[in-house]
>>> print(open('protein.cif').read())   # mmCIF, C-alpha atoms
data_target
loop_
_atom_site.label_atom_id
_atom_site.label_comp_id
_atom_site.auth_asym_id
_atom_site.auth_seq_id
_atom_site.Cartn_x
_atom_site.Cartn_y
_atom_site.Cartn_z
CA MET A 192 -4.93 4.75 79.15
CA GLY A 193 -6.02 1.14 78.93
CA GLY A 194 -4.29 -1.66 77.15
CA THR A 195 -4.59 -5.35 76.61
CA GLU A 196 -4.83 -7.71 79.55
CA GLY A 197 -1.45 -7.91 81.24
CA GLY A 198 -0.45 -4.51 79.93
CA TRP A 199 2.16 -3.41 77.44
CA TYR A 200 5.54 -1.65 77.31
CA PHE A 201 7.11 1.44 75.85
CA ALA A 202 10.68 2.74 76.00
CA ALA A 203 12.22 6.17 76.56
CA VAL A 204 15.65 7.08 75.24
CA GLY A 205 17.99 9.95 76.12
CA ASP A 206 20.03 12.13 73.77
CA VAL A 207 20.74 10.27 70.51
CA HIS A 208 22.99 12.83 68.75
CA GLY A 209 22.40 11.20 65.38
CA GLN A 210 23.29 7.68 66.50
CA MET A 211 20.00 6.09 65.48
CA HIS A 212 21.57 2.68 64.76
CA ALA A 213 22.96 2.54 68.31
CA MET A 214 19.57 3.56 69.68
CA VAL A 215 17.85 0.75 67.78
CA ARG A 216 20.43 -1.81 68.94
CA LEU A 217 20.06 -0.68 72.55
CA VAL A 218 16.26 -0.82 72.58
CA GLU A 219 15.99 -4.04 70.58
CA GLY A 220 18.57 -5.57 72.90
CA TRP A 221 16.27 -4.98 75.86
CA SER A 222 13.36 -6.63 74.03
CA ALA A 223 15.53 -9.60 73.05
CA ARG A 224 16.75 -10.13 76.63
CA THR A 225 13.31 -9.86 78.18
CA GLY A 226 11.10 -11.25 75.44
CA LYS A 227 8.89 -8.16 75.77
CA PRO A 228 7.77 -6.30 72.63
CA LEU A 229 7.56 -2.52 72.74
CA ALA A 230 4.58 -0.52 71.51
CA PHE A 231 6.62 2.62 70.77
CA VAL A 232 9.65 4.68 71.78
CA VAL A 233 9.75 8.28 73.02
CA GLN A 234 12.89 10.40 72.89
CA VAL A 235 13.77 13.54 74.85
CA GLY A 236 15.63 15.74 72.36
CA ASP A 237 19.02 16.08 70.66
CA PHE A 238 17.75 13.40 68.31
CA GLU A 239 19.52 15.14 65.38
CA PRO A 240 17.57 13.97 62.32
CA HIS A 241 19.96 15.49 59.77
CA ARG A 242 18.91 14.49 56.28
CA ASP A 243 22.00 16.01 54.65
CA GLU A 244 24.81 18.51 55.10
CA ALA A 245 22.42 21.43 54.58
CA ASP A 246 20.39 20.32 57.62
CA LEU A 247 23.57 19.81 59.63
CA ALA A 248 24.65 23.37 58.88
CA THR A 249 21.56 24.73 60.70
CA MET A 250 22.37 22.98 63.99
CA ALA A 251 23.76 25.09 66.83
CA ALA A 252 26.94 23.31 67.95
CA PRO A 253 30.71 23.66 67.75
CA ALA A 254 32.13 22.31 64.49
CA LYS A 255 33.78 19.32 66.21
CA TYR A 256 30.32 18.06 67.26
CA LYS A 257 28.71 18.42 63.84
CA HIS A 258 28.39 14.94 62.34
CA LEU A 259 25.80 13.89 59.82
CA GLY A 260 24.96 10.73 61.74
CA ASP A 261 22.73 7.82 60.76
CA PHE A 262 19.49 9.58 59.88
CA PRO A 263 20.08 9.80 56.09
CA ALA A 264 19.66 6.01 55.88
CA TYR A 265 16.25 6.30 57.59
CA HIS A 266 15.25 9.32 55.53
CA ARG A 267 16.11 7.48 52.30
CA ARG A 268 14.21 4.44 53.63
CA GLN A 269 17.23 2.19 53.37
CA THR A 270 16.32 1.13 56.90
CA GLY A 271 13.50 1.88 59.32
CA PHE A 272 12.62 1.98 62.98
CA PRO A 273 11.11 -1.25 64.38
CA TRP A 274 8.48 0.73 66.34
CA PRO A 275 6.94 4.23 66.16
CA VAL A 276 9.28 6.92 67.51
CA TYR A 277 8.09 10.23 69.01
CA PHE A 278 10.71 12.88 69.75
CA ILE A 279 11.02 16.48 70.86
CA GLY A 280 13.72 18.97 69.95
CA GLY A 281 16.73 19.64 72.13
CA ASN A 282 19.34 22.38 71.79
CA HIS A 283 21.22 20.52 69.01
CA GLU A 284 18.72 19.94 66.22
CA PRO A 285 18.49 20.89 62.52
CA TYR A 286 15.87 23.52 63.24
CA GLY A 287 16.40 24.89 59.74
CA PHE A 288 14.60 21.69 58.71
CA LEU A 289 12.25 21.11 61.65
CA ASP A 290 11.01 24.67 62.17
CA ALA A 291 10.92 25.54 58.49
CA GLN A 292 8.90 22.44 57.61
CA ALA A 293 6.47 22.29 60.50
CA PRO A 294 7.07 23.88 63.92
CA GLN A 295 3.80 22.25 64.97
CA GLY A 296 5.31 18.81 64.30
CA LEU A 297 5.68 16.37 61.43
CA GLU A 298 6.55 12.81 60.47
CA VAL A 299 10.21 13.16 59.47
CA THR A 300 10.36 9.65 58.03
CA PRO A 301 7.83 6.79 58.16
CA GLY A 302 7.06 5.97 61.78
CA CYS A 303 9.24 8.74 63.23
CA HIS A 304 7.40 11.81 64.50
CA TYR A 305 8.64 15.21 65.69
CA LEU A 306 6.20 16.63 68.24
CA GLY A 307 6.98 20.24 67.32
CA ARG A 308 7.82 23.13 69.61
CA VAL A 309 4.85 22.04 71.72
CA GLY A 310 2.94 18.93 70.81
CA GLN A 311 0.82 16.05 71.99
CA VAL A 312 0.21 12.53 70.70
CA GLU A 313 -1.81 9.64 72.09
CA PRO A 314 -0.22 6.29 71.13
CA ARG A 315 -2.09 3.33 72.60
CA GLY A 316 -4.24 5.78 74.57
CA LEU A 317 -1.26 7.16 76.53
CA ARG A 318 -1.28 10.96 76.42
CA VAL A 319 2.28 12.09 75.64
CA ALA A 320 3.18 15.78 75.38
CA GLY A 321 6.47 17.59 74.85
CA LEU A 322 8.18 20.97 75.00
CA SER A 323 11.19 21.37 72.71
CA GLY A 324 14.36 23.33 73.45
CA ILE A 325 16.10 24.59 76.57
CA HIS A 326 15.76 27.75 78.66
CA ARG A 327 17.75 30.96 78.33
CA GLU A 328 16.31 33.84 80.32
CA ASP A 329 17.52 36.72 78.13
CA VAL A 330 15.61 35.39 75.10
CA PHE A 331 12.65 33.82 76.91
CA ARG A 332 10.28 36.72 76.16
CA THR A 333 11.51 37.19 72.60
CA ALA A 334 9.92 35.68 69.51
CA ARG A 335 12.20 33.44 67.48
CA PRO A 336 13.46 35.08 64.27
CA SER A 337 12.16 34.18 60.84
CA LEU A 338 13.66 31.20 59.04
CA LEU A 339 13.14 32.73 55.60
CA ASP A 340 16.89 33.32 55.50
CA PRO A 341 18.45 31.10 58.20
CA ARG A 342 21.92 32.36 57.25
CA SER A 343 21.05 35.82 58.58
CA VAL A 344 20.51 34.73 62.21
CA SER A 345 22.39 32.72 64.81
CA HIS A 346 21.45 29.05 64.89
CA LYS A 347 21.42 29.31 68.68
CA ALA A 348 18.32 31.50 68.44
CA PHE A 349 16.31 28.36 67.64
CA ALA A 350 17.66 26.19 70.46
CA TYR A 351 15.50 27.79 73.18
CA PHE A 352 11.86 27.61 74.15
CA ASN A 353 10.15 30.93 74.79
CA GLU A 354 7.21 32.34 76.73
CA GLU A 355 4.76 31.60 73.93
CA ASP A 356 5.81 27.93 73.90
CA VAL A 357 5.38 27.60 77.65
CA ASP A 358 1.98 29.33 77.55
CA ARG A 359 0.83 26.86 74.89
CA ALA A 360 2.14 23.93 76.89
CA MET A 361 0.37 25.19 80.03
CA GLY A 362 -2.91 24.84 78.13
CA LEU A 363 -2.51 21.07 77.69
CA ARG A 364 -4.73 18.82 79.78
CA ASN A 365 -4.75 15.27 81.17
CA ILE A 366 -1.14 14.51 80.26
CA ASP A 367 0.27 11.12 81.26
CA VAL A 368 3.86 11.61 80.05
CA LEU A 369 5.71 14.92 79.63
CA LEU A 370 8.86 15.07 77.50
CA LEU A 371 11.37 17.81 78.31
CA HIS A 372 14.93 18.26 77.14
CA ASP A 373 16.29 20.12 80.16
CA TRP A 374 15.42 19.07 83.71
CA PRO A 375 12.90 20.81 85.96
CA SER A 376 14.60 22.74 88.75
CA GLY A 377 14.69 21.43 92.30
CA LEU A 378 15.11 17.74 91.46
CA ILE A 379 18.39 16.94 93.20
CA ALA A 380 18.08 15.37 96.64
CA ALA A 381 20.36 16.76 99.36
CA SER A 382 22.05 13.37 99.61
CA ASP A 383 23.03 13.58 95.92
CA ALA A 384 24.14 17.21 95.88
CA ALA A 385 27.88 16.46 95.92
CA ALA A 386 27.61 14.45 92.68
CA PHE A 387 26.40 17.59 90.86
CA GLU A 388 29.00 20.05 92.17
CA HIS A 389 31.65 21.51 89.83
CA GLN A 390 30.61 19.40 86.86
CA ARG A 391 30.76 20.56 83.25
CA ARG A 392 26.98 20.71 83.05
CA SER A 393 26.23 21.66 86.67
CA VAL A 394 28.19 24.23 88.66
CA SER A 395 26.17 23.17 91.69
CA HIS A 396 23.13 20.99 92.35
CA ASP A 397 20.82 23.97 92.76
CA THR A 398 21.61 25.29 89.27
CA VAL A 399 20.44 22.10 87.57
CA GLY A 400 17.29 22.51 85.49
CA ASN A 401 15.03 25.51 85.03
CA ASP A 402 12.01 26.98 86.79
CA TYR A 403 9.76 27.04 83.72
CA ALA A 404 10.05 23.29 83.25
CA ARG A 405 9.26 22.89 86.95
CA MET A 406 6.26 25.20 86.63
CA LEU A 407 4.98 23.14 83.70
CA VAL A 408 5.27 19.89 85.66
CA GLU A 409 3.45 21.45 88.62
CA ALA A 410 0.66 22.76 86.37
CA LEU A 411 0.13 19.61 84.28
CA ARG A 412 0.87 17.02 87.01
CA PRO A 413 1.82 14.23 84.56
CA ARG A 414 2.38 10.76 85.90
CA LEU A 415 5.81 10.67 84.33
CA VAL A 416 8.37 13.29 83.28
CA LEU A 417 11.24 12.31 80.97
CA CYS A 418 14.35 14.48 80.46
CA GLY A 419 17.76 14.39 78.78
CA HIS A 420 20.37 17.10 78.13
CA MET A 421 22.62 16.52 81.16
CA HIS A 422 23.98 13.21 79.83
CA ARG A 423 23.42 11.48 83.15
CA ALA A 424 20.77 9.19 84.58
CA TYR A 425 18.80 10.24 87.64
CA ARG A 426 15.44 9.43 89.19
CA ALA A 427 13.31 11.72 91.33
CA THR A 428 9.72 12.48 92.26
CA ILE A 429 7.77 15.73 92.39
CA ARG A 430 4.93 15.73 94.89
CA HIS A 431 2.00 18.04 94.23
CA PRO A 432 -0.28 19.72 96.80
CA SER A 433 -3.15 17.57 95.51
CA GLY A 434 -1.30 14.46 96.69
CA GLN A 435 -0.46 13.40 93.14
CA VAL A 436 3.11 12.41 92.34
CA SER A 437 5.07 12.89 89.12
CA ASP A 438 7.88 10.38 88.69
CA VAL A 439 10.89 11.88 86.90
CA ALA A 440 13.34 9.83 84.83
CA CYS A 441 16.39 11.71 83.56
CA LEU A 442 18.31 9.80 80.92
CA ALA A 443 21.95 9.71 79.81
CA SER A 444 23.02 9.85 76.16
CA VAL A 445 22.94 6.81 73.88
CA ARG A 446 26.75 6.88 73.82
CA GLN A 447 26.63 5.93 77.51
CA GLY A 448 24.66 2.75 76.92
CA LEU A 449 21.96 1.39 79.20
CA GLU A 450 21.77 4.53 81.35
CA SER A 451 20.12 6.20 78.36
CA LEU A 452 17.22 3.72 78.36
CA ALA A 453 14.13 3.42 80.51
CA VAL A 454 11.29 0.98 79.86
CA PHE A 455 7.81 1.33 81.31
CA HIS A 456 4.96 -1.13 81.80
CA VAL A 457 1.45 0.22 81.28
CA SER A 458 -1.44 -1.70 82.81
CA SER A 459 -4.89 -0.34 83.65
CA ASP A 460 -4.11 2.88 85.55
CA ARG A 461 -0.52 1.99 86.46
CA LEU A 462 2.65 3.16 84.75
CA THR A 463 5.72 1.45 86.21
CA GLU A 464 9.38 1.59 85.26
CA VAL A 465 10.90 -1.84 84.80
CA THR A 466 14.44 -0.50 84.35
CA ARG A 467 15.73 1.53 87.26
CA THR A 468 18.91 3.64 87.50
CA ARG A 469 19.80 6.09 90.24
#
>>> encode(input="protein.cif", output="structure tokens")
Amino acid sequence: MGGTEGGWYFAAVGDVHGQMHAMVRLVEGWSARTGKPLAFVVQVGDFEPHRDEADLATMAAPAKYKHLGDFPAYHRRQTGFPWPVYFIGGNHEPYGFLDAQAPQGLEVTPGCHYLGRVGQVEPRGLRVAGLSGIHREDVFRTARPSLLDPRSVSHKAFAYFNEEDVDRAMGLRNIDVLLLHDWPSGLIAASDAAAFEHQRRSVSHDTVGNDYARMLVEALRPRLVLCGHMHRAYRATIRHPSGQVSDVACLASVRQGLESLAVFHVSSDRLTEVTRTR
């Protein structure tokens, strides 16, 4: 995993929802305040890289949430990201673009990479893997429909990961950082349970997350797990029978400001968060 003497930094960002300019300002603001350059940025889904209205039409979301966002300026190269960006898909993506072009992943604009339904990259020697989408049990064992005519199927059909995706992800090895959109189940400490009761995104603390994400974390034992989706910041750890520990950083949405950002220092065999939110 290496690095130069003294180490280096990378950032993780929560749900962007098309607000790439705000994401850049947030991340560059951290670098300006600290004087620390960033090697790259990872993002945990609901990035929403809509190139045009046709892409936007393939996103699963109520009409009031469908906004073209900032990505056209990046796609047309009127502006660019200051660092490489690696993102997974969430449940609100233009899958008519992403899955039709390259479900195995692609560079959507210079320096900005979609990891695919399941993918792995190794920037600066750090092994980063991701699983796109969220869980829905009644479609988990069903293949996603063809995108030859995206108008003939529900856009929601593309928002979920399935058994094939999880099986592929289970075959990954030696992962340092795992990107998930939804949280693994069983994260919420008893002392925090009340904060997750009767919320819009959590009926109760024990319904937060899904068991397949948890199973993947337990199988791969990454040093770090990064999640979004819930639009709230939370930190937890998952302890494995081997004695290894996976730190978990759940991130809010970019609209919520600094709670959507986590920065990590990489040095020798250590990976340490230098921004901390409970």
>>> axis_aligned_box(input="protein.cif", around="range 234-238 of chain A", padding_each_side="6 Å", output="lines of an AutoDock Vina configuration file")
center_x = 16.0
center_y = 13.2
center_z = 71.6
size_x = 18.1
size_y = 17.7
size_z = 18.5
>>> residues_near_point(input="protein.cif", point="(-2.2, 23.7, 79.6)", cutoff="12 Å", atoms="all atoms listed in the file", output="number ranges by chain")
A: 309-311, 320-322, 355-366, 369, 406-413
>>> write_last_selection(input="protein.cif", atoms="C-alpha atoms", output="PDB file, in the coordinates of the input")
ATOM      1  CA  VAL A 309       4.850  22.040  71.720  1.00  0.00           C
ATOM      2  CA  GLY A 310       2.940  18.930  70.810  1.00  0.00           C
ATOM      3  CA  GLN A 311       0.820  16.050  71.990  1.00  0.00           C
ATOM      4  CA  ALA A 320       3.180  15.780  75.380  1.00  0.00           C
ATOM      5  CA  GLY A 321       6.470  17.590  74.850  1.00  0.00           C
ATOM      6  CA  LEU A 322       8.180  20.970  75.000  1.00  0.00           C
ATOM      7  CA  GLU A 355       4.760  31.600  73.930  1.00  0.00           C
ATOM      8  CA  ASP A 356       5.810  27.930  73.900  1.00  0.00           C
ATOM      9  CA  VAL A 357       5.380  27.600  77.650  1.00  0.00           C
ATOM     10  CA  ASP A 358       1.980  29.330  77.550  1.00  0.00           C
ATOM     11  CA  ARG A 359       0.830  26.860  74.890  1.00  0.00           C
ATOM     12  CA  ALA A 360       2.140  23.930  76.890  1.00  0.00           C
ATOM     13  CA  MET A 361       0.370  25.190  80.030  1.00  0.00           C
ATOM     14  CA  GLY A 362      -2.910  24.840  78.130  1.00  0.00           C
ATOM     15  CA  LEU A 363      -2.510  21.070  77.690  1.00  0.00           C
ATOM     16  CA  ARG A 364      -4.730  18.820  79.780  1.00  0.00           C
ATOM     17  CA  ASN A 365      -4.750  15.270  81.170  1.00  0.00           C
ATOM     18  CA  ILE A 366      -1.140  14.510  80.260  1.00  0.00           C
ATOM     19  CA  LEU A 369       5.710  14.920  79.630  1.00  0.00           C
ATOM     20  CA  MET A 406       6.260  25.200  86.630  1.00  0.00           C
ATOM     21  CA  LEU A 407       4.980  23.140  83.700  1.00  0.00           C
ATOM     22  CA  VAL A 408       5.270  19.890  85.660  1.00  0.00           C
ATOM     23  CA  GLU A 409       3.450  21.450  88.620  1.00  0.00           C
ATOM     24  CA  ALA A 410       0.660  22.760  86.370  1.00  0.00           C
ATOM     25  CA  LEU A 411       0.130  19.610  84.280  1.00  0.00           C
ATOM     26  CA  ARG A 412       0.870  17.020  87.010  1.00  0.00           C
ATOM     27  CA  PRO A 413       1.820  14.230  84.560  1.00  0.00           C
TER      28      PRO A 413
END
>>> residues_around(input="protein.cif", residues="His420 in chain A", least_positions_apart="3", cutoff="8 Å", atoms="all atoms listed in the file", output="MDAnalysis selection string")
chainID A and resid 205:206 236:237 281 372:374 443:444
>>> resolve_selection(input="protein.cif", expression="the PyMOL selection byres ((chain A and resi 289) around 12)", output="ChimeraX atom specification")
/A:238-242,246-247,249-250,278-281,283-288,290-299,304-308,323,338,349-350
>>> residues_near_point(input="protein.cif", point="(16.4, 12.5, 87.1)", cutoff="12 Å", atoms="all atoms listed in the file", output="ChimeraX atom specification")
/A:205,371-380,383,387,399-400,415-429,437-443,450-451,453,467-469
>>> write_last_selection(input="protein.cif", atoms="C-alpha atoms", output="CSV table (one decimal), in the frame of the given file")
chain,number,residue,atom,x,y,z
A,205,GLY,CA,18.0,10.0,76.1
A,371,LEU,CA,11.4,17.8,78.3
A,372,HIS,CA,14.9,18.3,77.1
A,373,ASP,CA,16.3,20.1,80.2
A,374,TRP,CA,15.4,19.1,83.7
A,375,PRO,CA,12.9,20.8,86.0
A,376,SER,CA,14.6,22.7,88.8
A,377,GLY,CA,14.7,21.4,92.3
A,378,LEU,CA,15.1,17.7,91.5
A,379,ILE,CA,18.4,16.9,93.2
A,380,ALA,CA,18.1,15.4,96.6
A,383,ASP,CA,23.0,13.6,95.9
A,387,PHE,CA,26.4,17.6,90.9
A,399,VAL,CA,20.4,22.1,87.6
A,400,GLY,CA,17.3,22.5,85.5
A,415,LEU,CA,5.8,10.7,84.3
A,416,VAL,CA,8.4,13.3,83.3
A,417,LEU,CA,11.2,12.3,81.0
A,418,CYS,CA,14.4,14.5,80.5
A,419,GLY,CA,17.8,14.4,78.8
A,420,HIS,CA,20.4,17.1,78.1
A,421,MET,CA,22.6,16.5,81.2
A,422,HIS,CA,24.0,13.2,79.8
A,423,ARG,CA,23.4,11.5,83.2
A,424,ALA,CA,20.8,9.2,84.6
A,425,TYR,CA,18.8,10.2,87.6
A,426,ARG,CA,15.4,9.4,89.2
A,427,ALA,CA,13.3,11.7,91.3
A,428,THR,CA,9.7,12.5,92.3
A,429,ILE,CA,7.8,15.7,92.4
A,437,SER,CA,5.1,12.9,89.1
A,438,ASP,CA,7.9,10.4,88.7
A,439,VAL,CA,10.9,11.9,86.9
A,440,ALA,CA,13.3,9.8,84.8
A,441,CYS,CA,16.4,11.7,83.6
A,442,LEU,CA,18.3,9.8,80.9
A,443,ALA,CA,22.0,9.7,79.8
A,450,GLU,CA,21.8,4.5,81.4
A,451,SER,CA,20.1,6.2,78.4
A,453,ALA,CA,14.1,3.4,80.5
A,467,ARG,CA,15.7,1.5,87.3
A,468,THR,CA,18.9,3.6,87.5
A,469,ARG,CA,19.8,6.1,90.2
>>> resolve_selection(input="protein.cif", expression="the PyMOL selection byres ((chain A and resi 454) around 10)", output="ChimeraX atom specification")
/A:200-204,218,221-222,229,232,452-453,455-457,463-467
>>> resolve_selection(input="protein.cif", expression="the PyMOL selection byres ((chain A and resi 258) around 10)", output="number ranges by chain")
A: 208-210, 239, 241, 244, 247-248, 254-257, 259-261
>>> decode(input="protein.cif", residues="range 359-373 of chain A", atoms="C-alpha atoms", output="PDB file, in the first residue's frame")
ATOM      1  CA  ARG A 359     -18.436 -11.593  -8.114  1.00  0.00           C
ATOM      2  CA  ALA A 360     -17.597  -9.239  -5.264  1.00  0.00           C
ATOM      3  CA  MET A 361     -17.007 -12.190  -2.913  1.00  0.00           C
ATOM      4  CA  GLY A 362     -14.250 -13.330  -5.271  1.00  0.00           C
ATOM      5  CA  LEU A 363     -12.184 -10.173  -4.732  1.00  0.00           C
ATOM      6  CA  ARG A 364      -9.036 -10.469  -2.646  1.00  0.00           C
ATOM      7  CA  ASN A 365      -6.776  -8.278  -0.494  1.00  0.00           C
ATOM      8  CA  ILE A 366      -9.096  -5.277  -0.486  1.00  0.00           C
ATOM      9  CA  ASP A 367      -8.045  -2.225   1.526  1.00  0.00           C
ATOM     10  CA  VAL A 368     -11.142  -0.060   0.959  1.00  0.00           C
ATOM     11  CA  LEU A 369     -14.662  -1.271   0.143  1.00  0.00           C
ATOM     12  CA  LEU A 370     -17.209   1.166  -1.318  1.00  0.00           C
ATOM     13  CA  LEU A 371     -20.886   0.396  -0.695  1.00  0.00           C
ATOM     14  CA  HIS A 372     -23.933   2.560  -1.235  1.00  0.00           C
ATOM     15  CA  ASP A 373     -26.153   1.092   1.479  1.00  0.00           C
TER      16      ASP A 373
END
